[in-house]
Amino acid sequence: MSAPSSLFRSEQMSLVQLYVPLEIAPQTIAELGELGEIQFNDLNAKTNAFQRTFVNEIKRLNEIERRLRFLTTQTEKSEIEIPTYEPTASYAQTRSQADIDQLDTTLLELEARITQMNTSKDSLTKRFLELTELRHVLRETANFFQQAESRAEEIAGIATHENDSLLGNQERRSMETGAMPTINIGFVAGVIPRPKMAIFERILFRSLRGNLYMNHAEIAEPIVDPASDESVYKNVFIVFAHGKELINKIRKICESMGATIYPVDEQGDKRRENALEVMSRIEDLRHVLDNTKAARHAELRRVSVNLDKWANMVKKEKAIHHTMNLLNYDLNRKALIGEGWCPTNSVSAVQYALRAVTERTGSTIAPLLNELPTRKEPPTYHRTNKFTSAFQEIVDAYGIATYGEVNPGLFTTITFPFLFAVMFGDFGHGILVTVCGLFLVLNEKKFNKTVGKDDMWDMFYGGRYIILLMGIFSMYTGLVYNDIFSMSMTLFESRYDFKYHNATGRWVGEKTSTYGFGIDPAWHGAENNLIFTNSYKMKMSILMGMVHMSFGVCLQIYNHLHFKRPINIWAEFVPQILYLWSIFGYLCFLIVFKWFNHYPDPSKAPGLLNTLIYMVLSPGSIQMQLYPGQGGVQVFLLLVAFIAIPWMLLAKPYILYQEHLKTVGAGYAPTNTQGEQEHNEEVDEHGHGHEFDFSEIFIHQMIHTIEFTLNGVSNTASYLRLWALSLAHAQLSEVCWTMVMKPCLNSGNAFSIVFGFYIWFQMTVGILIGMEGLSAFLHALRLHWVEFQNKFYGGQGRKFIPFSFKNTQSEE
């Protein structure tokens, strides 16, 4: 009879063996993938991944998946929405080999068709780009040639030597007389990206030593680059020079700078004819290009309807074949034999799923499921829901619980948000955090569709119930602290009666009765408010820390009883709890005792820290007595603490050694290490431990004793962070209010109030809730991982990861 599901400890697990007929193996594995309750063991661990049975099928599915990725990428580039596929069948749908062949053929044809369309589109776009640029070149060069003709005399006056300046200088031209010699002026025209224009012009001038005449103009509209689909702004340029060597040099520079050179005729009539021809070809090409794009868009839109469906099918088929690679053939190679872990409570569900597969496929041989007796350590499985999953993730981040170990996640659901709220306590800030968490919780259906798109958002949304509880508990602690945005609330009438003292010149409040709930609002604004809240929160932190740590120590009992280690209860638990409470528990008693006793003169009240120090350094001596017989009680408690330390150190090794001697003396084999099957020791596949080694046991116990003894001091002091962060949060909130919002309210100016509220709200959300909230979250995390869990939690297990299509989809 299996135990009912509980978050208190791991689900009871069973090692199961499956016999699956080969003809219905894919359908059976698919049904188990939909159920998601079996973690298959790899029975072919020594076999290379490329030598497994179904590796060819996986290679083929990988190729199909590649084609799907190609089609998906093309569809997304065309800004076509891909509908999400939602299966309607309540059972697992597997595809036959004929279906896979048909899908492979379909995708192959689609890939070839889309690739051909892309090639045609790219070539047409490239040609359209060239003609568009040529049109701009012809139009702009007509203006350039007109400018050149107007400066014909200046260009004609150039020097005939290639090393001379093309434009020459005015002094040389004034000295030359008579007819000018006829020279051959060449030119190069084209387009170049606008950011490169200045560099291009500088390189040309320096390379040709000024032997050029250059002009350029900007193209107003951007030109789309077919290779990158990016809009690029370009310039049209023309460079005049004389000599073939200079023209060739200009062409090489243009190529190196990424410029495109276009042929332009020198004759104006031919340039106009070419321009008209280019315009006609552009119109024809635009018509063809639009038709090509429309056909490609229609084809992709038709394909997009099935893309998600095909992708889900291929992912499932890959997962099925990967899982089948973990199984072995039987001797006759007519069935597959699998082995894995399954929650005992789910064995009946698995058997029902196997029967359903047999009935649906009409197979004459049904799959068989057997439970195997084993001493192997099972994986750990905590069945969670949407509320507890986030808290369990916090625990699992520290370490996966050993199978059968008490799970801290159950208690973390309450203690974590509460300790956070102790450090974050403010009613107003708690309201804002609660509203945020409530918004996420109430819109789960909407936000569930966005999961998986952004890791940061997934982490934030996954902790929505943590945020909600942190906000609710912060509201509660804010009421206890009587803080709302650093201001006090008068929920009940103050229980302090203020009177004016002439001697001191101050108003002094005398307590008449106990305030209804939380801190009396009279403390807000008092001169000794900080002293009072410091003392109150510091002592409260010690009390909460002792309760939290003691609860962790007490949880050891459940582990010891579950793992059948009764010796650890009185050889470890009893001395640990005695040591902890004889010193630090006594400090808690002093705190509560002092709270119940009134001291008219605070200077005569005994200091608790000094009392604890003198209790250890000077036993029996009392500086300021709290109660009669205090010295004797402290000596007794100190004696108990000193006895508990060697008790922790020696009792367990000595008893285990005596048991070992009795076992050997009776003629039996030596006992296992530590005389028991420790839940965290190395165990081979048959469940056998190591031979008895007293020195190893003693050293392990000595380390454990020293660690617990020293941690008793450090862990108790660590809980003072509850006081420190609560104080820091309250002071920052007060500074934010008094330095930003309060002066604006006092000014009475509407604009100042609105502007001040905006700044104050931004600081509240960004600093007091964002940064301070994150700080309190991390400190609460540390208190659980270090101060609480190390008292009973080993965290040496391995997580139960069942074969499930849900996990497959999320991993993708």
# chains A, B, ... in the order shown; residues from 1 in each chain; ligands from 1

$ residues_around --residues "segment 794-803 of chain A" --least-positions-apart "2" --cutoff "7 Å" --atoms "only C-alpha atoms" --output "ChimeraX atom specification"
/A:33,36-39,379-381,399-403,680,792,805

$ write_last_selection --atoms "N, CA and C atoms" --output "CSV table (one decimal), in the first residue's frame"
chain,number,residue,atom,x,y,z
A,33,GLY,N,4.6,9.2,-22.9
A,33,GLY,CA,5.1,10.6,-22.9
A,33,GLY,C,4.0,11.6,-22.6
A,36,GLY,N,3.6,11.2,-18.7
A,36,GLY,CA,4.7,11.8,-18.0
A,36,GLY,C,4.9,11.3,-16.6
A,37,GLU,N,4.9,10.0,-16.4
A,37,GLU,CA,5.1,9.5,-15.1
A,37,GLU,C,6.2,8.5,-14.9
A,38,ILE,N,7.0,8.3,-16.0
A,38,ILE,CA,8.1,7.3,-15.9
A,38,ILE,C,9.4,8.0,-16.3
A,39,GLN,N,10.5,7.8,-15.5
A,39,GLN,CA,11.8,8.2,-15.9
A,39,GLN,C,12.6,7.0,-16.3
A,379,PRO,N,15.1,8.3,-7.5
A,379,PRO,CA,15.2,9.7,-7.6
A,379,PRO,C,14.1,10.4,-6.7
A,380,THR,N,14.3,11.6,-6.5
A,380,THR,CA,13.3,12.4,-5.6
A,380,THR,C,12.3,13.1,-6.4
A,381,TYR,N,11.1,12.9,-6.0
A,381,TYR,CA,10.0,13.5,-6.8
A,381,TYR,C,9.0,14.2,-5.8
A,399,GLY,N,19.8,22.3,-3.3
A,399,GLY,CA,20.1,20.9,-3.5
A,399,GLY,C,18.9,20.0,-3.5
A,400,ILE,N,18.9,19.0,-4.3
A,400,ILE,CA,17.7,18.1,-4.4
A,400,ILE,C,17.7,17.2,-3.2
A,401,ALA,N,16.5,17.1,-2.5
A,401,ALA,CA,16.4,16.3,-1.3
A,401,ALA,C,16.8,14.8,-1.6
A,402,THR,N,17.4,14.2,-0.6
A,402,THR,CA,17.7,12.8,-0.7
A,402,THR,C,16.3,12.1,-0.6
A,403,TYR,N,16.2,11.0,-1.3
A,403,TYR,CA,15.0,10.2,-1.4
A,403,TYR,C,14.5,9.9,0.1
A,680,ASN,N,23.1,9.2,2.9
A,680,ASN,CA,23.9,10.0,2.0
A,680,ASN,C,25.3,9.4,1.7
A,792,PHE,N,18.9,19.9,9.2
A,792,PHE,CA,18.3,18.6,8.9
A,792,PHE,C,18.4,18.2,7.5
A,805,PHE,N,6.1,14.8,-22.8
A,805,PHE,CA,6.1,15.7,-23.9
A,805,PHE,C,6.1,17.2,-23.5

$ residues_around --residues "Thr75 of chain A" --least-positions-apart "4" --cutoff "9 Å" --atoms "only C-alpha atoms" --output "list in words"
Phe70, Leu71, Glu79, Ile80, Glu81, Ile82, His297, Leu300, Arg301, Val303 and Ser304 of chain A

$ closest_residue --among "A:Gln27, A:Asn448, A:Asn248, A:Asn306" --to "Leu354 of chain A" --atoms "only C-alpha atoms"
A:Gln27

$ closest_residue --among "A:Asn597, A:Glu787, A:Phe439, A:Phe708" --to "Met544 of chain A" --atoms "only C-alpha atoms"
A:Glu787

$ residues_around --residues "Leu612 of chain A" --least-positions-apart "3" --cutoff "10 Å" --atoms "only C-alpha atoms" --output "PyMOL selection string"
chain A and resi 583-584+586-587+590+607-609+615-619+634

$ residues_around --residues "segment 648-655 of chain A" --least-positions-apart "2" --cutoff "7 Å" --atoms "only C-alpha atoms" --output "list in words"
Ala571, Glu572, Pro575, Ala644, Ile645, Pro646, Tyr657, Gln658, Glu659, Ile697, Phe698, Gln701, Met702 and Thr705 of chain A

$ closest_atom_pairs --of "segment 254-299 of chain A" --to "segment 235-240 of chain A" --cutoff "10 Å" --atoms "only C-alpha atoms" --output "CSV"
residue,atom,partner,partner_atom,distance
A:Ala259,CA,A:Phe237,CA,9.6
A:Thr260,CA,A:Val236,CA,9.7
A:Ile261,CA,A:Phe237,CA,9.4
A:Val264,CA,A:Ile238,CA,9.9

$ write_last_selection --atoms "C-alpha atoms" --output "PDB file, in the first residue's frame"
ATOM      1  CA  ALA A 259      31.286  51.548 -54.759  1.00  0.00           C
ATOM      2  CA  THR A 260      29.320  50.353 -57.785  1.00  0.00           C
ATOM      3  CA  ILE A 261      30.442  51.641 -61.194  1.00  0.00           C
ATOM      4  CA  VAL A 264      27.538  56.203 -68.834  1.00  0.00           C
TER       5      VAL A 264
END

$ select_by_dssp --residues "segment 78-143 of chain A" --states "helix (DSSP H, G or I)" --output "PyMOL selection string"
chain A and resi 97-143

$ closest_residue --among "A:Lys537, A:Arg135, A:Arg9, A:Arg194" --to "Arg271 of chain A" --atoms "only C-alpha atoms"
A:Arg135

$ closest_residue --among "A:Gly428, A:Glu299, A:Glu527, A:Lys386" --to "Val441 of chain A" --atoms "only C-alpha atoms"
A:Lys386

$ select_by_dssp --residues "segment 264-363 of chain A" --states "strand (DSSP E or B)" --output "list in words"
Asn328, Tyr329, Ala335, Leu336, Ile337, Gly338, Glu339, Gly340, Trp341, Cys342 and Pro343 of chain A

$ write_last_selection --atoms "N, CA, C and O atoms" --output "PDB file, in the first residue's frame"
ATOM      1  N   ASN A 328      16.155  -1.918 -24.601  1.00  0.00           N
ATOM      2  CA  ASN A 328      16.884  -3.046 -25.168  1.00  0.00           C
ATOM      3  C   ASN A 328      15.928  -3.977 -25.878  1.00  0.00           C
ATOM      4  O   ASN A 328      14.748  -4.059 -25.532  1.00  0.00           O
ATOM      5  N   TYR A 329      16.460  -4.704 -26.864  1.00  0.00           N
ATOM      6  CA  TYR A 329      15.680  -5.774 -27.487  1.00  0.00           C
ATOM      7  C   TYR A 329      15.673  -7.010 -26.589  1.00  0.00           C
ATOM      8  O   TYR A 329      16.613  -7.240 -25.812  1.00  0.00           O
ATOM      9  N   ALA A 335      10.439  -7.615 -29.125  1.00  0.00           N
ATOM     10  CA  ALA A 335       9.921  -6.687 -28.117  1.00  0.00           C
ATOM     11  C   ALA A 335      11.057  -5.849 -27.580  1.00  0.00           C
ATOM     12  O   ALA A 335      12.238  -6.204 -27.691  1.00  0.00           O
ATOM     13  N   LEU A 336      10.690  -4.713 -27.036  1.00  0.00           N
ATOM     14  CA  LEU A 336      11.651  -3.833 -26.380  1.00  0.00           C
ATOM     15  C   LEU A 336      11.465  -3.938 -24.871  1.00  0.00           C
ATOM     16  O   LEU A 336      10.335  -3.987 -24.374  1.00  0.00           O
ATOM     17  N   ILE A 337      12.569  -3.970 -24.154  1.00  0.00           N
ATOM     18  CA  ILE A 337      12.547  -4.070 -22.698  1.00  0.00           C
ATOM     19  C   ILE A 337      13.070  -2.765 -22.135  1.00  0.00           C
ATOM     20  O   ILE A 337      14.179  -2.331 -22.474  1.00  0.00           O
ATOM     21  N   GLY A 338      12.268  -2.127 -21.308  1.00  0.00           N
ATOM     22  CA  GLY A 338      12.655  -0.869 -20.687  1.00  0.00           C
ATOM     23  C   GLY A 338      12.608  -0.949 -19.183  1.00  0.00           C
ATOM     24  O   GLY A 338      11.954  -1.819 -18.597  1.00  0.00           O
ATOM     25  N   GLU A 339      13.320  -0.029 -18.558  1.00  0.00           N
ATOM     26  CA  GLU A 339      13.372   0.012 -17.095  1.00  0.00           C
ATOM     27  C   GLU A 339      13.393   1.467 -16.660  1.00  0.00           C
ATOM     28  O   GLU A 339      14.033   2.314 -17.302  1.00  0.00           O
ATOM     29  N   GLY A 340      12.679   1.777 -15.593  1.00  0.00           N
ATOM     30  CA  GLY A 340      12.653   3.155 -15.135  1.00  0.00           C
ATOM     31  C   GLY A 340      11.962   3.293 -13.799  1.00  0.00           C
ATOM     32  O   GLY A 340      11.465   2.308 -13.222  1.00  0.00           O
ATOM     33  N   TRP A 341      11.929   4.538 -13.331  1.00  0.00           N
ATOM     34  CA  TRP A 341      11.319   4.855 -12.043  1.00  0.00           C
ATOM     35  C   TRP A 341       9.954   5.488 -12.274  1.00  0.00           C
ATOM     36  O   TRP A 341       9.774   6.288 -13.188  1.00  0.00           O
ATOM     37  N   CYS A 342       9.036   5.104 -11.410  1.00  0.00           N
ATOM     38  CA  CYS A 342       7.674   5.611 -11.516  1.00  0.00           C
ATOM     39  C   CYS A 342       7.126   5.822 -10.109  1.00  0.00           C
ATOM     40  O   CYS A 342       7.362   4.991  -9.220  1.00  0.00           O
ATOM     41  N   PRO A 343       6.408   6.931  -9.849  1.00  0.00           N
ATOM     42  CA  PRO A 343       5.758   7.070  -8.542  1.00  0.00           C
ATOM     43  C   PRO A 343       4.803   5.899  -8.294  1.00  0.00           C
ATOM     44  O   PRO A 343       4.037   5.512  -9.182  1.00  0.00           O
TER      45      PRO A 343
END

$ residues_around --residues "segment 279-293 of chain A" --least-positions-apart "6" --cutoff "8 Å" --atoms "only C-alpha atoms" --output "NGL selection string"
:A and (117 or 120-121 or 124-125 or 128 or 131-132 or 135)

$ write_last_selection --atoms "N, CA and C atoms" --output "mmCIF file, in the first residue's frame"
data_model
loop_
_atom_site.group_PDB
_atom_site.id
_atom_site.type_symbol
_atom_site.label_atom_id
_atom_site.label_comp_id
_atom_site.auth_asym_id
_atom_site.auth_seq_id
_atom_site.Cartn_x
_atom_site.Cartn_y
_atom_site.Cartn_z
ATOM 1 N N MET A 117 12.005 30.439 -55.202
ATOM 2 C CA MET A 117 11.394 31.766 -55.153
ATOM 3 C C MET A 117 12.346 32.778 -54.542
ATOM 4 N N SER A 120 14.935 33.624 -57.165
ATOM 5 C CA SER A 120 14.378 34.535 -58.180
ATOM 6 C C SER A 120 14.159 35.923 -57.606
ATOM 7 N N LYS A 121 13.641 35.967 -56.394
ATOM 8 C CA LYS A 121 13.390 37.263 -55.762
ATOM 9 C C LYS A 121 14.696 38.021 -55.547
ATOM 10 N N LEU A 124 16.020 39.201 -58.953
ATOM 11 C CA LEU A 124 15.204 40.306 -59.454
ATOM 12 C C LEU A 124 15.418 41.568 -58.635
ATOM 13 N N THR A 125 15.526 41.386 -57.298
ATOM 14 C CA THR A 125 15.748 42.552 -56.435
ATOM 15 C C THR A 125 17.105 43.180 -56.714
ATOM 16 N N PHE A 128 16.813 44.959 -59.949
ATOM 17 C CA PHE A 128 16.011 46.170 -59.736
ATOM 18 C C PHE A 128 16.840 47.243 -59.035
ATOM 19 N N LEU A 131 19.264 48.749 -61.617
ATOM 20 C CA LEU A 131 18.590 49.667 -62.535
ATOM 21 C C LEU A 131 18.181 50.959 -61.833
ATOM 22 N N THR A 132 17.759 50.825 -60.563
ATOM 23 C CA THR A 132 17.388 52.034 -59.817
ATOM 24 C C THR A 132 18.595 52.933 -59.626
ATOM 25 N N ARG A 135 19.459 54.545 -62.883
ATOM 26 C CA ARG A 135 18.562 55.654 -63.178
ATOM 27 C C ARG A 135 19.015 56.920 -62.469
#

$ residues_around --residues "segment 753-758 of chain A" --least-positions-apart "3" --cutoff "9 Å" --atoms "only C-alpha atoms" --output "list in words"
Val740, Met741, Lys742, Pro743, Cys744, Leu745, Asn746, Ser747, Gly748, Asn749, Ala750, Phe761, Gln762 and Met763 of chain A

$ closest_residue --among "A:His382, A:His779, A:Arg139, A:Lys376" --to "His216 of chain A" --atoms "only C-alpha atoms"
A:Arg139

$ residues_around --residues "Met538 of chain A" --least-positions-apart "2" --cutoff "9 Å" --atoms "only C-alpha atoms" --output "PyMOL selection string"
chain A and resi 533-536+540-543+720-724

$ closest_residue --among "A:Pro193, A:Gly258, A:Pro222, A:Gly404" --to "Tyr558 of chain A" --atoms "only C-alpha atoms"
A:Gly404
